[in-house]
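As stored in data.txt (compact mmCIF, C-alpha atoms and all ligand atoms):
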```txt
# COMPACT_ATOMS: atom_id res chain seq x y z
CA MET D 208 145.03 50.61 63.78
CA LYS D 209 147.63 48.95 61.59
CA PRO D 210 149.45 51.40 59.33
CA ILE D 211 149.01 51.48 55.59
CA LEU D 212 152.12 50.96 53.52
CA VAL D 213 153.67 52.36 50.38
CA ASP D 214 156.07 50.38 48.21
CA GLY D 215 158.12 52.86 46.21
CA HIS D 216 159.18 50.54 43.41
CA LEU D 217 157.57 47.55 41.73
CA ASP D 218 157.99 46.47 38.12
CA LEU D 219 154.36 45.39 37.91
CA ALA D 220 153.92 46.10 34.20
CA TYR D 221 157.15 44.31 33.31
CA ASN D 222 155.91 41.24 35.21
CA ALA D 223 152.54 41.38 33.49
CA VAL D 224 153.57 42.34 29.96
CA ILE D 225 156.95 40.63 29.56
CA MET D 226 156.67 37.75 32.05
CA LYS D 227 152.97 37.19 31.32
CA ARG D 228 152.03 37.04 34.99
CA ASP D 229 148.35 37.62 35.73
CA LEU D 230 148.72 40.03 38.64
CA LEU D 231 145.08 39.69 39.62
CA ARG D 232 145.73 36.12 40.79
CA PRO D 233 147.11 35.09 44.19
CA VAL D 234 150.89 34.64 44.45
CA VAL D 235 150.47 30.90 45.15
CA GLU D 236 148.67 30.39 41.85
CA ILE D 237 151.44 32.11 39.91
CA ARG D 238 153.96 29.87 41.67
CA GLU D 239 152.01 26.71 40.82
CA GLN D 240 151.67 27.75 37.21
CA GLU D 241 155.35 28.70 36.85
CA ALA D 242 156.48 25.42 38.46
CA VAL D 243 155.01 23.78 35.34
CA THR D 244 155.72 26.51 32.77
CA PRO D 245 158.53 28.91 33.71
CA PRO D 246 157.95 32.50 32.59
CA PRO D 247 159.89 33.94 29.63
CA GLY D 248 162.98 36.01 30.26
CA PRO D 249 165.94 35.70 32.62
CA PRO D 250 165.47 33.57 35.77
CA SER D 251 163.35 35.69 38.05
CA GLY D 252 162.77 33.56 41.15
CA THR D 253 159.61 32.58 42.96
CA CYS D 254 156.84 35.15 42.62
CA LEU D 255 156.48 37.58 45.54
CA THR D 256 153.92 40.09 44.45
CA THR D 257 150.49 40.28 42.86
CA LEU D 258 147.53 42.53 43.59
CA PRO D 259 145.92 40.28 46.22
CA ALA D 260 149.24 40.16 48.17
CA LEU D 261 149.59 43.95 47.99
CA LEU D 262 146.07 44.55 49.30
CA GLU D 263 146.49 41.88 51.99
CA GLY D 264 149.69 43.64 53.09
CA ARG D 265 147.81 46.95 53.40
CA ILE D 266 149.93 48.45 50.65
CA ALA D 267 147.87 51.43 49.54
CA VAL D 268 150.22 52.89 46.95
CA VAL D 269 153.04 51.58 44.82
CA GLY D 270 155.61 53.33 42.67
CA ALA D 271 154.68 51.40 39.54
CA SER D 272 157.50 51.31 37.05
CA ILE D 273 157.68 51.40 33.30
CA PHE D 274 160.86 49.52 32.52
CA VAL D 275 162.19 48.30 29.20
CA ALA D 276 165.55 46.58 28.86
CA PRO D 277 168.35 47.95 26.70
CA ALA D 278 170.22 45.68 24.30
CA ILE D 279 173.39 44.52 26.04
CA PRO D 280 175.63 41.59 25.10
CA GLY D 281 174.49 38.34 26.69
CA SER D 282 171.10 39.71 27.75
CA LEU D 283 168.46 37.04 28.32
CA GLU D 284 165.66 39.59 28.09
CA PRO D 285 162.95 38.54 25.62
CA GLN D 286 162.62 42.12 24.40
CA VAL D 287 165.39 44.70 24.21
CA TYR D 288 165.61 48.14 22.62
CA HIS D 289 168.36 49.48 20.39
CA THR D 290 166.98 52.94 19.73
CA PRO D 291 164.83 55.51 21.55
CA GLN D 292 162.03 54.73 19.12
CA GLU D 293 162.18 51.05 20.09
CA ALA D 294 162.32 51.96 23.78
CA PHE D 295 159.19 54.04 23.31
CA ARG D 296 157.42 51.32 21.35
CA TYR D 297 158.10 48.71 24.05
CA ALA D 298 157.24 51.05 26.93
CA VAL D 299 153.81 52.06 25.67
CA PRO D 300 152.25 48.59 26.26
CA GLN D 301 153.35 48.87 29.91
CA LEU D 302 151.64 52.25 30.22
CA ASP D 303 148.57 50.76 28.54
CA TYR D 304 148.68 47.85 30.97
CA TYR D 305 148.47 50.18 33.98
CA ARG D 306 145.71 52.24 32.42
CA ARG D 307 143.69 49.13 31.58
CA LEU D 308 144.27 47.64 35.03
CA ALA D 309 142.83 50.79 36.60
CA ASP D 310 139.96 51.02 34.08
CA GLU D 311 138.91 47.42 34.58
CA ASN D 312 139.34 47.05 38.35
CA GLU D 313 137.56 49.06 41.00
CA ARG D 314 140.38 48.22 43.39
CA VAL D 315 143.08 49.89 41.28
CA VAL D 316 143.50 53.64 40.75
CA LEU D 317 145.98 55.40 38.51
CA LEU D 318 147.15 58.42 40.52
CA HIS D 319 146.88 61.44 38.25
CA ALA D 320 146.17 64.10 40.88
CA ASP D 321 146.08 64.52 44.62
CA ALA D 322 142.31 64.01 44.60
CA ASP D 323 143.00 60.45 43.41
CA MET D 324 145.43 59.94 46.26
CA LYS D 325 142.90 61.25 48.77
CA ALA D 326 140.30 58.83 47.47
CA VAL D 327 142.70 55.89 47.69
CA LEU D 328 143.68 56.76 51.25
CA ALA D 329 140.02 57.17 52.26
CA SER D 330 139.22 53.76 50.77
CA TRP D 331 141.36 52.15 53.47
CA ASN D 332 138.66 53.07 55.99
CA THR D 333 136.13 51.02 54.00
CA GLU D 334 135.62 47.36 53.11
CA GLN D 335 136.97 47.99 49.60
CA PRO D 336 140.49 49.39 49.98
CA GLN D 337 142.16 50.44 46.74
CA LEU D 338 145.68 50.28 45.36
CA GLY D 339 147.01 53.53 43.94
CA LEU D 340 149.59 53.41 41.15
CA PHE D 341 152.13 56.24 41.02
CA LEU D 342 153.79 55.80 37.63
CA VAL D 343 157.55 56.18 37.39
CA MET D 344 159.73 55.47 34.39
CA GLU D 345 162.89 53.52 35.22
CA GLY D 346 165.46 54.58 32.65
CA ALA D 347 164.31 57.49 30.50
CA ASP D 348 165.12 56.22 27.01
CA PRO D 349 161.40 55.80 26.16
CA ILE D 350 161.25 59.61 26.29
CA ARG D 351 162.37 60.09 22.68
CA THR D 352 162.39 63.86 22.65
CA LEU D 353 161.52 66.57 25.15
CA SER D 354 158.09 66.94 23.57
CA ASP D 355 157.39 63.36 24.68
CA VAL D 356 157.46 64.43 28.32
CA GLY D 357 154.05 66.06 28.07
CA TRP D 358 152.70 63.04 26.20
CA TRP D 359 153.73 60.71 29.03
CA VAL D 360 152.56 63.07 31.76
CA GLU D 361 149.14 63.47 30.18
CA ARG D 362 148.76 59.68 30.37
CA GLY D 363 149.75 59.45 34.02
CA LEU D 364 153.53 59.41 34.32
CA ARG D 365 154.52 61.19 37.55
CA GLY D 366 158.21 60.36 38.00
CA VAL D 367 161.32 59.66 35.96
CA GLY D 368 164.57 57.90 36.75
CA LEU D 369 167.04 59.14 34.19
CA SER D 370 169.16 56.03 34.18
CA TRP D 371 169.34 52.30 34.68
CA ILE D 372 172.36 50.05 35.34
CA THR D 373 173.72 50.39 31.83
CA GLY D 374 173.08 54.12 31.64
CA THR D 375 170.88 55.85 29.11
CA ARG D 376 171.52 58.66 26.69
CA TYR D 377 170.51 60.98 29.54
CA ALA D 378 173.00 59.90 32.21
CA GLY D 379 175.49 57.33 33.43
CA GLY D 380 174.18 54.38 35.42
CA ASP D 381 175.51 52.44 38.39
CA GLY D 382 177.17 49.94 36.02
CA ALA D 383 178.20 52.51 33.42
CA PRO D 384 180.02 55.50 34.90
CA GLY D 385 179.06 58.79 33.35
CA PRO D 386 177.73 62.26 34.04
CA LEU D 387 174.47 63.83 33.05
CA THR D 388 174.51 64.44 29.33
CA ASP D 389 173.25 67.63 27.71
CA ASP D 390 170.06 65.75 26.86
CA GLY D 391 169.84 64.73 30.53
CA ARG D 392 170.10 68.35 31.63
CA LYS D 393 167.39 69.37 29.18
CA LEU D 394 165.19 66.52 30.35
CA LEU D 395 165.47 67.73 33.94
CA SER D 396 164.26 71.18 32.84
CA ALA D 397 161.32 69.62 31.03
CA MET D 398 160.47 67.48 34.08
CA ALA D 399 160.61 70.56 36.30
CA ASP D 400 157.83 72.16 34.24
CA TYR D 401 155.52 69.46 35.63
CA ASN D 402 157.16 69.11 39.06
CA LEU D 403 157.68 65.38 38.41
CA LEU D 404 159.46 63.14 40.88
CA LEU D 405 163.16 62.78 40.07
CA ASP D 406 164.16 59.21 40.89
CA LEU D 407 167.89 58.94 41.62
CA ALA D 408 168.01 55.12 41.77
CA HIS D 409 170.61 53.69 39.36
CA LEU D 410 172.18 57.08 38.61
CA TRP D 411 175.96 57.23 38.62
CA GLU D 412 176.84 59.17 41.78
CA ASP D 413 178.35 62.24 40.10
CA ALA D 414 175.29 62.47 37.88
CA ALA D 415 173.08 62.20 40.97
CA TYR D 416 174.80 65.18 42.61
CA GLU D 417 174.50 67.29 39.49
CA ALA D 418 170.87 66.28 39.09
CA LEU D 419 170.18 67.32 42.69
CA ASP D 420 171.86 70.67 42.06
CA ARG D 421 169.87 71.30 38.91
CA TYR D 422 166.48 69.86 39.72
CA PRO D 423 164.16 72.00 41.86
CA GLY D 424 161.35 69.47 42.26
CA PRO D 425 160.69 66.47 44.53
CA VAL D 426 163.38 63.77 44.69
CA ALA D 427 163.67 60.15 45.80
CA ALA D 428 165.80 57.08 45.38
CA SER D 429 162.90 54.70 44.82
CA HIS D 430 164.81 51.46 45.37
CA ALA D 431 168.26 51.82 46.92
CA LYS D 432 170.46 51.01 49.88
CA PRO D 433 173.27 52.61 51.91
CA ARG D 434 176.80 51.95 50.69
CA ALA D 435 177.81 51.50 54.34
CA PHE D 436 176.62 47.87 54.12
CA VAL D 437 177.53 46.91 50.56
CA ASP D 438 180.20 49.03 48.91
CA ARG D 439 179.05 49.19 45.31
CA PRO D 440 178.18 52.12 43.04
CA ARG D 441 174.52 51.01 43.05
CA MET D 442 174.31 51.88 46.76
CA LEU D 443 174.05 55.37 48.24
CA SER D 444 176.94 57.00 50.08
CA ASP D 445 176.06 58.58 53.41
CA ALA D 446 176.77 61.97 51.84
CA LEU D 447 174.22 61.35 49.10
CA ILE D 448 171.71 60.06 51.65
CA ARG D 449 172.09 63.36 53.52
CA ARG D 450 171.61 65.34 50.33
CA ILE D 451 168.36 63.50 49.58
CA ALA D 452 167.19 64.09 53.14
CA ALA D 453 168.07 67.79 52.89
CA ARG D 454 165.66 67.93 49.94
CA ASP D 455 162.95 66.25 52.04
CA GLY D 456 163.20 63.26 49.71
CA VAL D 457 162.81 59.58 50.47
CA ILE D 458 164.95 56.48 50.02
CA GLY D 459 163.10 53.23 49.44
CA VAL D 460 165.08 50.32 50.85
CA VAL D 461 165.17 47.03 48.94
CA PRO D 462 164.88 43.83 51.00
CA PHE D 463 167.10 41.94 48.54
CA ASN D 464 169.78 39.80 50.22
CA LEU D 465 172.45 40.74 47.70
CA MET D 466 171.96 44.41 48.55
CA LEU D 467 171.93 43.69 52.30
CA ASP D 468 175.13 41.65 52.42
CA GLY D 469 177.75 41.81 49.66
CA THR D 470 178.91 38.26 50.41
CA TRP D 471 175.47 36.72 49.98
CA ARG D 472 175.08 34.56 46.87
CA ARG D 473 172.02 33.09 45.21
CA GLY D 474 171.49 29.65 46.72
CA ASN D 475 172.73 30.72 50.17
CA ALA D 476 170.42 30.67 53.18
CA ARG D 477 168.13 33.66 53.39
CA LEU D 478 169.14 36.50 55.70
CA PRO D 479 167.20 37.51 58.81
CA LEU D 480 164.64 40.28 58.37
CA THR D 481 166.33 42.22 61.17
CA ARG D 482 168.96 43.15 58.54
CA VAL D 483 166.41 45.34 56.77
CA ALA D 484 165.55 47.10 60.03
CA GLU D 485 169.29 47.74 60.56
CA ILE D 486 169.52 49.40 57.18
CA ILE D 487 166.47 51.54 57.81
CA ASP D 488 168.02 52.48 61.16
CA HIS D 489 171.28 53.42 59.45
CA ILE D 490 169.50 55.91 57.18
CA CYS D 491 167.69 57.37 60.20
CA GLN D 492 170.99 57.70 62.11
CA VAL D 493 172.76 59.33 59.15
CA THR D 494 169.96 61.82 58.58
CA GLY D 495 169.07 62.31 62.25
CA ALA D 496 165.39 61.64 61.62
CA ALA D 497 162.92 59.00 60.47
CA SER D 498 161.55 61.14 57.65
CA SER D 499 163.75 60.16 54.70
CA VAL D 500 163.36 56.40 54.49
CA GLY D 501 160.67 54.09 53.19
CA ILE D 502 160.24 50.80 51.38
CA GLY D 503 161.09 50.26 47.71
CA SER D 504 160.93 46.50 47.59
CA ASP D 505 161.62 45.93 43.87
CA PHE D 506 160.01 42.51 44.45
CA ASP D 507 160.03 40.37 41.32
CA GLY D 508 162.39 42.84 39.68
CA GLY D 509 164.99 40.18 38.93
CA PHE D 510 164.77 38.27 42.20
CA GLY D 511 162.11 36.32 44.06
CA GLN D 512 161.33 34.64 47.35
CA GLU D 513 164.69 32.80 47.53
CA ALA D 514 166.60 36.08 47.55
CA VAL D 515 164.72 38.05 50.20
CA PRO D 516 165.03 37.78 53.99
CA GLU D 517 163.25 35.12 56.02
CA GLY D 518 159.70 36.06 56.87
CA LEU D 519 159.04 37.89 53.61
CA GLU D 520 157.06 35.32 51.65
CA SER D 521 155.17 37.90 49.61
CA SER D 522 154.37 41.63 49.61
CA ALA D 523 151.77 40.84 52.27
CA ASP D 524 154.60 40.45 54.82
CA LEU D 525 156.28 43.85 54.45
CA GLY D 526 154.37 45.20 57.45
CA LYS D 527 156.44 42.86 59.66
CA LEU D 528 159.16 45.52 59.47
CA GLY D 529 156.99 47.62 61.79
CA SER D 530 157.39 45.34 64.80
CA LEU D 531 161.15 45.04 64.19
CA LEU D 532 161.42 48.83 64.22
CA ALA D 533 159.33 48.97 67.40
CA GLU D 534 161.81 46.55 69.01
CA ARG D 535 164.55 49.01 68.13
CA GLY D 536 162.65 51.75 69.95
CA TYR D 537 160.93 53.49 67.05
CA THR D 538 157.66 55.22 67.94
CA ASP D 539 154.36 54.44 66.23
CA SER D 540 154.47 57.71 64.33
CA ASP D 541 158.03 57.05 63.11
CA ILE D 542 156.99 53.56 62.02
CA ASP D 543 153.95 54.91 60.15
CA ALA D 544 156.24 57.40 58.39
CA ILE D 545 158.78 54.75 57.43
CA LEU D 546 156.24 52.20 56.22
CA GLY D 547 154.26 54.70 54.18
CA GLY D 548 154.00 58.29 55.36
CA ASN D 549 157.32 59.46 53.98
CA TRP D 550 156.53 58.18 50.52
CA LEU D 551 153.03 59.66 50.66
CA ARG D 552 154.48 63.08 51.50
CA VAL D 553 156.85 63.03 48.53
CA MET D 554 154.34 61.59 46.06
CA ARG D 555 151.65 64.07 47.09
CA ARG D 556 154.05 66.93 46.53
CA VAL D 557 154.05 65.85 42.90
CA LEU D 558 150.33 65.14 42.66
CA VAL D 559 149.16 68.47 44.12
CA ALA D 560 150.42 70.17 40.95
CA PHE D 561 147.83 68.24 38.88
ZN ZN D 601 165.99 48.98 39.32
```
Would you encode the structure as structure tokens?
Ligand SMILES: [Zn+2]
Amino acid sequence: MKPILVDGHLDLAYNAVIMKRDLLRPVVEIREQEAVTPPPGPPSGTCLTTLPALLEGRIAVVGASIFVAPAIPGSLEPQVYHTPQEAFRYAVPQLDYYRRLADENERVVLLHADADMKAVLASWNTEQPQLGLFLVMEGADPIRTLSDVGWWVERGLRGVGLSWITGTRYAGGDGAPGPLTDDGRKLLSAMADYNLLLDLAHLWEDAAYEALDRYPGPVAASHAKPRAFVDRPRMLSDALIRRIAARDGVIGVVPFNLMLDGTWRRGNARLPLTRVAEIIDHICQVTGAASSVGIGSDFDGGFGQEAVPEGLESSADLGKLGSLLAERGYTDSDIDAILGGNWLRVMRRVLVAF
């Protein structure tokens, strides 16, 4: 039987709330609509993901992000925050979006506890497979104070990335060097009380090491890439990859051309999909196993169809990576782990505590 997949990072709520995409519609309909009326916000490319594409691609679970953009000079974002209170105020509609999506659609489940995960996985043996949403905050500024952590968790948040490119008041980001702050250290303690997933994506590397030292719970880099291919702070050094693997964590690789080849530019020909398999293979070689890598596509998170490898025309195509891994000699069980099993293991470690 074909494996089921997990995509560790998708900005679904951002696409729905900020870009006004109706994620219940097929990808082709969004494209037709946006050819006439482009969505608000910075240029985002041709739509790659909506719910029908995810279900068609046998994607059973996604790391569904809550992302709000900070105010930075020259930002084209339609909505930016200047203060934690503003970050909170703009993030809540994204949380509400996910909750409403799950309330109103039998095919969507907000993953609060492991029982929810079990039900979603079982649904893939029926005619009505479901999509589970594992909620992760990307950039922790919407957590105004430590007492907010419980508020978010009660409503379904199961993971937190402390930082984003520009950093937050909790930690430096990949475009804004800086350590964990005292608030960041306190936030990690508060997250540990709930055994939340610590998402290391976008953290400045020194901050990532300190976070790994301090945080006892499950860890991942939800959407990331090895620095061996593109030497930028956003990418993970082999040493950091090993540290994540030593914690039984998972690294979700992003099939975004700019993160596969540092010389690629928007407008260039798309790269071959084999490049993504090479990157997955690199992580397996560095860690000596196939248990620390997965997919974190970040589709429609600032790039679209033009900027992903050939053969990926929507989320429905992510399973094609399986046959490329098989050509490289990966076994069926390794492929199942890479396409979904590794993420499921890490997410369930969080969910069993609820
Ligand atoms: Zn991101």
Select all residues near (169.6, 58.3, 39.2) (cut-off 6 Å, inclusive, file coordinates), counting all atoms listed in the file, and output them as a PDB file with C-alpha atoms, in the frame of the given file.
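As written to disk, part26.pdb reads:
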```
ATOM      1  CA  GLY D 368     164.570  57.900  36.750  1.00  0.00           C
ATOM      2  CA  LEU D 369     167.040  59.140  34.190  1.00  0.00           C
ATOM      3  CA  SER D 370     169.160  56.030  34.180  1.00  0.00           C
ATOM      4  CA  ASP D 406     164.160  59.210  40.890  1.00  0.00           C
ATOM      5  CA  LEU D 407     167.890  58.940  41.620  1.00  0.00           C
ATOM      6  CA  ALA D 408     168.010  55.120  41.770  1.00  0.00           C
ATOM      7  CA  HIS D 409     170.610  53.690  39.360  1.00  0.00           C
ATOM      8  CA  LEU D 410     172.180  57.080  38.610  1.00  0.00           C
ATOM      9  CA  ALA D 415     173.080  62.200  40.970  1.00  0.00           C
TER      10      ALA D 415
END
```
Protein and nucleic acid residues within 9 Å of ligand ZN 601 (chain D) (all atoms listed in the file) as a list in words: His216, Leu217, Asp218, Phe274, Glu345, Gly346, Trp371, Ile372, Ala408, His409, Ser429, His430, Ala431, Asp505, Gly508 and Gly509 of chain D
For CA of Cys254 in chain D and CA of Ile502 in chain D, the interatomic separation in Å (one decimal): 18.3 Å
Separation of CA of Thr494 in chain D from CA of Gly456 in chain D, in Å and rounded to one decimal: 11.2 Å
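Residues lying within 7 Å of Gln512 in chain D, counting only C-alpha atoms and ignoring same-chain neighbours fewer than 4 positions away, are Gly252, Thr253, Cys254, Leu255 and Glu520 of chain D.
With distances restricted to all atoms listed in the file, D:Gly339 is the closest residue to Asp321 in chain D from D:Pro246, D:Gly536, D:Gly339, D:Gly529.
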